[in-house]
Amino acid sequence: MNKIYAGIDIGTDSIKIIVNELTSGEYHILAAVSKPSKGIKKGQIEDMKKATESIKNALRDIEEMLGFSLRKVIACVPTTGCKMAILEGSVDVLNTENITGEDITRVLKDALIGKINEEEELVTSIPINFRVDDEDNIKDPKGMKGETLETKIVVTTVPKEPLYRMLEVLKLSGLEVADIAFAPIGDYYEAKTEDLDKKVGAIINIGEDSTNISVFNKGIMIRNKIINVGSHHVDKDLKYIFKVDSKEARRIKEEFAVSKESLADDNDEIEVEVKEKNKKSEIKRISQRKIAKVVEARLTEILEISKQEIKNLTKRDIRYIIITGGLSELSGFLYLAEEVLGKEVSICNIKTIGIRHNKYSSVSGLIKYFHEKLDLRDKAYDIVDDEDIKALLSTQKKEVNHDSILNKVFGHFFDKED
């Protein structure tokens, strides 16, 4: 049976929302938007009114694509102030001939009861493994026979106040939050493979004004660090060096810059509007090489700091480093990353048609994490309920553009005409 999921990532620079359908193990994008955000800094809500309006703006676009109001989402949570702990739980199996998702849910709850600090809120509880009677290191015990089910889980929490502000903003925007998880978990699940699940590695997400560095052990986040430098600092460097405004600096970065000076073309130039103090603005031409020199310096700093933080976070042998975030889309980024971080590094590669940009990695992967979480517990969830289907059918009867995304996506709801 097909499943439809929606996720939201509330970032300092933009609000990302995607809605996708899981069909035969493949994810297909039904709608995706990335809209500018206001009232948010380093992933935290600073101005609830501005943040709510930003989310509503993004929702208007996504709902226009879908044809119905989006009411339920899975939300990315920033890692600021996160804490991690390993907890254990144990329960008697309800039916000793067949362990079910209900047994798994019960044992996970047992591990959590009375263990969470009152000032903290639970974000994720990810099983390390399960034990059925005397058999250990089981990933999914459903269908097994046994009398006792035990588990060991990694629990992550955050301070309540900033999390509740974010949830309140989503509520004011008209959204019900079905689940939450850290953005780095989404990044990992976007890149997740059976091979990565066996290794220790790191995820680096270069955000607008900060960079998140997370260490994963066999698919579970065990360490995290935020450094206060990100994509916006590249803009500031370009603005300062070439005497342009913030909008022009961003345009230079996104449309013309490359990551390494050696990859730039001296003969390739871009026209920019220069505004020097107490002087009239004028149009100047700047070579790609000069721009690349500035960009490379800042990117190298971000990567060098990230490299050191990975060493600080773990003494284990790092077998992979994956870089994501919008800045990782810059031309030549991998070459620079390999110079600084070594051959273990790679750039996130989103293959889903409709969101092939690394700014979507957290929210896209978050949906995959959520589906796997439900699958383990043998539970179902769908953002499209009976009311939505009725609304779609009603719209279809009144007036439907057969070239619209709704007909392409929800064709199985309609009686199509030739």
# chains A, B, ... in the order shown; residues from 1 in each chain; ligands from 1

call {"tool": "select_by_dssp", "arguments": {"residues": "stretch 38-161 of chain A", "states": "helix (DSSP H, G or I)", "output": "PyMOL selection string"}}
result
chain A and resi 48-66+101-112+160-161

call {"tool": "select_by_dssp", "arguments": {"residues": "stretch 166-356 of chain A", "states": "strand (DSSP E)", "output": "number ranges by chain"}}
result
A: 176-182, 200-206, 211-217, 220-227, 269-274, 282-287, 320-324, 345-347

call {"tool": "write_last_selection", "arguments": {"atoms": "C-alpha atoms", "output": "PDB file, in the first residue's frame"}}
result
ATOM      1  CA  GLU A 176      -0.059  19.041  13.642  1.00  0.00           C
ATOM      2  CA  VAL A 177       3.346  17.532  14.398  1.00  0.00           C
ATOM      3  CA  ALA A 178       3.303  13.752  14.039  1.00  0.00           C
ATOM      4  CA  ASP A 179       6.936  13.291  15.067  1.00  0.00           C
ATOM      5  CA  ILE A 180      10.233  15.128  15.502  1.00  0.00           C
ATOM      6  CA  ALA A 181      13.870  14.198  15.000  1.00  0.00           C
ATOM      7  CA  PHE A 182      17.207  15.953  14.725  1.00  0.00           C
ATOM      8  CA  VAL A 200      31.672   4.891  12.301  1.00  0.00           C
ATOM      9  CA  GLY A 201      31.533   8.161  10.390  1.00  0.00           C
ATOM     10  CA  ALA A 202      30.560  11.814  10.433  1.00  0.00           C
ATOM     11  CA  ILE A 203      27.983  14.079   8.809  1.00  0.00           C
ATOM     12  CA  ILE A 204      28.795  17.752   8.225  1.00  0.00           C
ATOM     13  CA  ASN A 205      25.855  20.019   7.359  1.00  0.00           C
ATOM     14  CA  ILE A 206      26.906  23.558   6.472  1.00  0.00           C
ATOM     15  CA  THR A 211      27.676  24.165  10.760  1.00  0.00           C
ATOM     16  CA  ASN A 212      26.480  20.967  12.418  1.00  0.00           C
ATOM     17  CA  ILE A 213      28.948  18.105  12.902  1.00  0.00           C
ATOM     18  CA  SER A 214      27.619  14.717  13.996  1.00  0.00           C
ATOM     19  CA  VAL A 215      29.328  11.390  14.599  1.00  0.00           C
ATOM     20  CA  PHE A 216      27.385   8.200  13.835  1.00  0.00           C
ATOM     21  CA  ASN A 217      28.163   4.683  14.984  1.00  0.00           C
ATOM     22  CA  ILE A 220      23.089   5.937  15.397  1.00  0.00           C
ATOM     23  CA  MET A 221      24.104   9.515  16.259  1.00  0.00           C
ATOM     24  CA  ILE A 222      26.422   9.378  19.283  1.00  0.00           C
ATOM     25  CA  ARG A 223      28.072  12.824  19.329  1.00  0.00           C
ATOM     26  CA  ASN A 224      27.199  16.283  18.022  1.00  0.00           C
ATOM     27  CA  LYS A 225      28.758  19.742  17.813  1.00  0.00           C
ATOM     28  CA  ILE A 226      27.631  23.067  16.357  1.00  0.00           C
ATOM     29  CA  ILE A 227      30.191  25.617  15.164  1.00  0.00           C
ATOM     30  CA  GLU A 269      33.978  37.694 -15.206  1.00  0.00           C
ATOM     31  CA  ILE A 270      30.717  38.786 -13.630  1.00  0.00           C
ATOM     32  CA  GLU A 271      29.211  42.269 -13.575  1.00  0.00           C
ATOM     33  CA  VAL A 272      28.325  43.483 -10.087  1.00  0.00           C
ATOM     34  CA  GLU A 273      26.984  46.678  -8.602  1.00  0.00           C
ATOM     35  CA  VAL A 274      29.628  48.140  -6.277  1.00  0.00           C
ATOM     36  CA  GLU A 282      28.909  51.706 -10.225  1.00  0.00           C
ATOM     37  CA  ILE A 283      29.082  48.554 -12.287  1.00  0.00           C
ATOM     38  CA  LYS A 284      32.363  46.651 -12.146  1.00  0.00           C
ATOM     39  CA  ARG A 285      33.561  43.330 -13.493  1.00  0.00           C
ATOM     40  CA  ILE A 286      35.152  40.794 -11.155  1.00  0.00           C
ATOM     41  CA  SER A 287      36.991  37.698 -12.313  1.00  0.00           C
ATOM     42  CA  TYR A 320      33.325   8.113   6.085  1.00  0.00           C
ATOM     43  CA  ILE A 321      32.544  11.830   6.124  1.00  0.00           C
ATOM     44  CA  ILE A 322      29.477  13.093   4.269  1.00  0.00           C
ATOM     45  CA  ILE A 323      29.004  16.811   3.633  1.00  0.00           C
ATOM     46  CA  THR A 324      25.613  18.346   2.935  1.00  0.00           C
ATOM     47  CA  VAL A 345      34.846  12.384   2.288  1.00  0.00           C
ATOM     48  CA  SER A 346      31.900  12.543  -0.105  1.00  0.00           C
ATOM     49  CA  ILE A 347      29.184  15.030  -0.935  1.00  0.00           C
TER      50      ILE A 347
END

call {"tool": "residues_around", "arguments": {"residues": "A:Phe256", "least_positions_apart": "5", "cutoff": "12 Å", "atoms": "only C-alpha atoms", "output": "JSON, numbers by chain"}}
result
{"A": [238, 248, 249, 250, 251, 264, 265, 268, 269, 270, 271, 272, 286, 287, 288, 289, 290, 291, 292, 295, 330, 331]}

call {"tool": "residues_around", "arguments": {"residues": "A:Lys236", "least_positions_apart": "6", "cutoff": "12 Å", "atoms": "only C-alpha atoms", "output": "PyMOL selection string"}}
result
chain A and resi 208-209+229-230+242-250+252-253+294-295+298

call {"tool": "write_last_selection", "arguments": {"atoms": "C-alpha atoms", "output": "tab-separated table (two decimals), in the first residue's frame"}}
result
chain	number	residue	atom	x	y	z
A	208	GLU	CA	23.28	29.44	6.86
A	209	ASP	CA	24.96	30.75	10.02
A	229	VAL	CA	30.28	29.63	10.98
A	230	GLY	CA	28.33	28.83	7.85
A	242	PHE	CA	34.19	43.53	-3.27
A	243	LYS	CA	32.09	46.33	-1.69
A	244	VAL	CA	28.73	44.89	-2.72
A	245	ASP	CA	25.47	44.60	-0.80
A	246	SER	CA	24.19	41.40	0.79
A	247	LYS	CA	21.87	40.53	-2.09
A	248	GLU	CA	24.65	40.94	-4.66
A	249	ALA	CA	27.09	38.92	-2.54
A	250	ARG	CA	24.64	36.03	-2.40
A	252	ILE	CA	27.80	36.02	-6.77
A	253	LYS	CA	28.10	32.96	-4.52
A	294	VAL	CA	37.79	34.55	-1.19
A	295	VAL	CA	35.36	31.63	-1.20
A	298	ARG	CA	36.30	30.61	4.07

call {"tool": "closest_residue", "arguments": {"among": "A:Leu163, A:Asp13, A:Gly332, A:Ser231", "to": "A:Thr79", "atoms": "only C-alpha atoms"}}
result
A:Leu163

call {"tool": "closest_residue", "arguments": {"among": "A:Glu121, A:Asp382, A:Asp103, A:Glu329", "to": "A:Phe370", "atoms": "only C-alpha atoms"}}
result
A:Asp382

call {"tool": "closest_residue", "arguments": {"among": "A:Leu334, A:Leu313, A:Leu87, A:Ala75", "to": "A:Gly365", "atoms": "only C-alpha atoms"}}
result
A:Ala75

call {"tool": "closest_residue", "arguments": {"among": "A:Ile383, A:Asp134, A:Ile310, A:Arg165", "to": "A:Phe68", "atoms": "only C-alpha atoms"}}
result
A:Ile383

call {"tool": "closest_residue", "arguments": {"among": "A:Ile305, A:Ser14, A:Val77, A:Ile355", "to": "A:Gly186", "atoms": "only C-alpha atoms"}}
result
A:Val77

call {"tool": "residues_around", "arguments": {"residues": "A:Pro184", "least_positions_apart": "3", "cutoff": "7 Å", "atoms": "only C-alpha atoms", "output": "MDAnalysis selection string"}}
result
chainID A and resid 187:188 214 362

call {"tool": "decode", "arguments": {"residues": "stretch 125-182 of chain A", "atoms": "C-alpha atoms", "output": "PDB file, in the first residue's frame"}}
result
ATOM      1  CA  SER A 125      14.744   6.852  21.075  1.00  0.00           C
ATOM      2  CA  ILE A 126      16.663   4.687  18.618  1.00  0.00           C
ATOM      3  CA  PRO A 127      17.223   0.985  19.351  1.00  0.00           C
ATOM      4  CA  ILE A 128      20.821  -0.211  19.294  1.00  0.00           C
ATOM      5  CA  ASN A 129      19.653  -3.821  19.364  1.00  0.00           C
ATOM      6  CA  PHE A 130      17.156  -6.243  20.903  1.00  0.00           C
ATOM      7  CA  ARG A 131      17.501  -9.443  22.906  1.00  0.00           C
ATOM      8  CA  VAL A 132      14.969 -12.294  22.794  1.00  0.00           C
ATOM      9  CA  ASP A 133      15.518 -14.679  25.714  1.00  0.00           C
ATOM     10  CA  ASP A 134      19.180 -15.758  25.240  1.00  0.00           C
ATOM     11  CA  GLU A 135      19.575 -14.529  21.649  1.00  0.00           C
ATOM     12  CA  ASP A 136      21.282 -11.137  21.423  1.00  0.00           C
ATOM     13  CA  ASN A 137      22.173  -8.448  18.829  1.00  0.00           C
ATOM     14  CA  ILE A 138      18.835  -8.630  16.996  1.00  0.00           C
ATOM     15  CA  LYS A 139      17.867  -5.644  14.838  1.00  0.00           C
ATOM     16  CA  ASP A 140      14.198  -6.513  14.306  1.00  0.00           C
ATOM     17  CA  PRO A 141      12.634  -9.227  16.501  1.00  0.00           C
ATOM     18  CA  LYS A 142       9.160  -9.190  14.892  1.00  0.00           C
ATOM     19  CA  GLY A 143       7.922 -12.684  14.117  1.00  0.00           C
ATOM     20  CA  MET A 144      10.361 -14.406  16.482  1.00  0.00           C
ATOM     21  CA  LYS A 145       9.346 -16.725  19.310  1.00  0.00           C
ATOM     22  CA  GLY A 146      10.327 -15.888  22.873  1.00  0.00           C
ATOM     23  CA  GLU A 147       9.168 -15.092  26.373  1.00  0.00           C
ATOM     24  CA  THR A 148      11.235 -12.002  27.200  1.00  0.00           C
ATOM     25  CA  LEU A 149      12.099  -9.042  24.980  1.00  0.00           C
ATOM     26  CA  GLU A 150      14.876  -6.668  26.000  1.00  0.00           C
ATOM     27  CA  THR A 151      16.371  -3.633  24.290  1.00  0.00           C
ATOM     28  CA  LYS A 152      19.180  -1.125  24.550  1.00  0.00           C
ATOM     29  CA  ILE A 153      18.435   2.299  23.088  1.00  0.00           C
ATOM     30  CA  VAL A 154      20.117   5.645  22.499  1.00  0.00           C
ATOM     31  CA  VAL A 155      17.894   8.454  23.768  1.00  0.00           C
ATOM     32  CA  THR A 156      18.283  12.105  22.783  1.00  0.00           C
ATOM     33  CA  THR A 157      16.673  15.055  24.535  1.00  0.00           C
ATOM     34  CA  VAL A 158      16.650  18.854  24.262  1.00  0.00           C
ATOM     35  CA  PRO A 159      15.628  21.677  26.617  1.00  0.00           C
ATOM     36  CA  LYS A 160      11.845  22.101  26.600  1.00  0.00           C
ATOM     37  CA  GLU A 161      11.511  25.852  26.123  1.00  0.00           C
ATOM     38  CA  PRO A 162      13.062  26.304  22.628  1.00  0.00           C
ATOM     39  CA  LEU A 163      11.450  23.099  21.390  1.00  0.00           C
ATOM     40  CA  TYR A 164       8.016  24.160  22.627  1.00  0.00           C
ATOM     41  CA  ARG A 165       8.425  27.538  20.889  1.00  0.00           C
ATOM     42  CA  MET A 166       9.007  25.741  17.613  1.00  0.00           C
ATOM     43  CA  LEU A 167       6.038  23.420  18.160  1.00  0.00           C
ATOM     44  CA  GLU A 168       3.855  26.401  19.045  1.00  0.00           C
ATOM     45  CA  VAL A 169       4.841  28.171  15.825  1.00  0.00           C
ATOM     46  CA  LEU A 170       3.930  25.082  13.832  1.00  0.00           C
ATOM     47  CA  LYS A 171       0.589  24.906  15.653  1.00  0.00           C
ATOM     48  CA  LEU A 172      -0.083  28.590  14.909  1.00  0.00           C
ATOM     49  CA  SER A 173       0.676  27.800  11.275  1.00  0.00           C
ATOM     50  CA  GLY A 174      -2.089  25.182  11.302  1.00  0.00           C
ATOM     51  CA  LEU A 175       0.142  22.111  11.446  1.00  0.00           C
ATOM     52  CA  GLU A 176      -0.059  19.041  13.642  1.00  0.00           C
ATOM     53  CA  VAL A 177       3.346  17.532  14.398  1.00  0.00           C
ATOM     54  CA  ALA A 178       3.303  13.752  14.039  1.00  0.00           C
ATOM     55  CA  ASP A 179       6.936  13.291  15.067  1.00  0.00           C
ATOM     56  CA  ILE A 180      10.233  15.128  15.502  1.00  0.00           C
ATOM     57  CA  ALA A 181      13.870  14.198  15.000  1.00  0.00           C
ATOM     58  CA  PHE A 182      17.207  15.953  14.725  1.00  0.00           C
TER      59      PHE A 182
END
